[in-house]
Amino acid sequence: MQKVYESATAALDGLLRDDMLIAAGGFGLCGIPELLIDAIVDSGVKNLTVASNNAGVDGFGLGKLLDTKQIKKMMSSYVGENAEFMRQYLSGELELEFNPQGTLAERMRAGGAGIAGFYTKTGYGTQIGEGKEVKVFNGEHYILEEGIFADLAIVKAWKADDTGNLVFRKTARNFNPPAAMCGKVCVVEVEEIVERGALDPDQIHLPGIYVHRIIQGDHEKRIEKVTTRSREDA
């Protein structure tokens, strides 16, 4: 099965449609599938629901899809660095489903493992737990959370071979593996595609069974918050 494609547009060909659920990897600006996001912007698909830890920043990452108003709903745990996100949410233009960070990661992982739902103590007794089924285990209250089964997963990895085995670099591992797992189709952008057998099997973070399409590209290295001090203080 041929998994390597020449561009993000080619890799997404035939996969995009209005009203779909997309799981996106990344945390802040680390491990963002920026090339695939750009291709989705160019495609013009709309009314998207996106499950992602955050919504990028203004003008970058998922922030671009917010700028074009192609996203109708975000399923996220942190949205504090995007002014356009705040404006759309407060004006009622954007739906938001808040998730505790660990719950969101587990919902993705559960979907990838074929688990329809699981119980967690996180969120019980708060707005997060309102309307959700509650069970008591060993005297503790747990709420039912559903696994995420996305139509498409877009993720960013460091290296891949042509079968889709992936290696993530340091903190870019973040939400990328669970996001990749929960997509019916998973498209990955990487910095380098290596020969088959070049990756140490013990160092592979996500096996190629989860990956359907791969592209290699150049990526912008952004810093989310630049913090410096004067030479005198240093």
# chains A, B, ... in the order shown; residues from 1 in each chain; ligands from 1
$ closest_atom_pairs --of "region 128-167 of chain A" --to "region 26-48 of chain A" --cutoff "8 Å" --atoms "only C-alpha atoms" --output "tab-separated table"
residue	atom	partner	partner_atom	distance
A:Ile154	CA	A:Pro33	CA	6.3
A:Val155	CA	A:Pro33	CA	5.2
A:Lys156	CA	A:Pro33	CA	4.7
A:Ala157	CA	A:Gly31	CA	7.0
$ write_last_selection --atoms "all heavy atoms" --output "compact mmCIF listing (two decimals), in the first residue's frame"
# COMPACT_ATOMS: atom_id res chain seq x y z
N ILE A 154 -5.10 14.50 11.77
CA ILE A 154 -3.94 15.15 11.16
C ILE A 154 -2.90 15.35 12.26
O ILE A 154 -3.19 15.90 13.32
CB ILE A 154 -4.30 16.49 10.50
CG1 ILE A 154 -5.03 17.44 11.46
CG2 ILE A 154 -5.16 16.25 9.26
CD1 ILE A 154 -5.24 18.84 10.89
N VAL A 155 -1.69 14.87 12.02
CA VAL A 155 -0.66 14.91 13.05
C VAL A 155 0.69 15.29 12.44
O VAL A 155 0.87 15.26 11.22
CB VAL A 155 -0.53 13.56 13.80
CG1 VAL A 155 -1.85 13.17 14.44
CG2 VAL A 155 -0.06 12.47 12.87
N LYS A 156 1.61 15.63 13.31
CA LYS A 156 2.97 16.01 12.92
C LYS A 156 3.96 15.13 13.66
O LYS A 156 3.89 15.00 14.88
CB LYS A 156 3.20 17.49 13.27
CG LYS A 156 4.65 17.96 13.32
CD LYS A 156 5.28 18.06 11.97
CE LYS A 156 6.57 18.88 11.98
NZ LYS A 156 7.53 18.55 13.04
N ALA A 157 4.87 14.50 12.91
CA ALA A 157 5.92 13.66 13.51
C ALA A 157 7.28 14.13 13.03
O ALA A 157 7.40 14.94 12.11
CB ALA A 157 5.69 12.19 13.16
$ closest_atom_pairs --of "region 83-108 of chain A" --to "region 167-184 of chain A" --cutoff "12 Å" --atoms "only C-alpha atoms" --output "tab-separated table"
residue	atom	partner	partner_atom	distance
A:Gln101	CA	A:Phe175	CA	9.8
A:Gly102	CA	A:Phe175	CA	10.1
A:Thr103	CA	A:Pro178	CA	11.5
A:Leu104	CA	A:Phe175	CA	9.2
A:Ala105	CA	A:Pro178	CA	6.4
A:Glu106	CA	A:Pro178	CA	7.6
A:Arg107	CA	A:Pro178	CA	8.4
A:Met108	CA	A:Pro178	CA	5.2
$ select_by_dssp --residues "region 30-112 of chain A" --states "strand (DSSP E)" --output "list of chain:residue names"
A:Leu48, A:Thr49, A:Val50, A:Ala51, A:Ile71, A:Lys72, A:Lys73, A:Met74, A:Met75, A:Ser76, A:Glu95, A:Leu96, A:Glu97, A:Phe98
$ closest_residue --among "A:His219, A:Lys225, A:Arg213, A:Lys73" --to "Trp158 (chain A)" --atoms "only C-alpha atoms"
A:His219
$ residues_around --residues "region 118-128 of chain A" --least-positions-apart "5" --cutoff "7 Å" --atoms "only C-alpha atoms" --output "VMD selection string"
chain A and resid 141 to 146
$ residues_around --residues "Ser77 (chain A)" --least-positions-apart "2" --cutoff "10 Å" --atoms "only C-alpha atoms" --output "PyMOL selection string"
chain A and resi 51-55+74-75+79-80+96-105
$ atom_distance --atom1 "CA of Gln70 (chain A)" --atom2 "CA of Tyr89 (chain A)"
13.8 Å
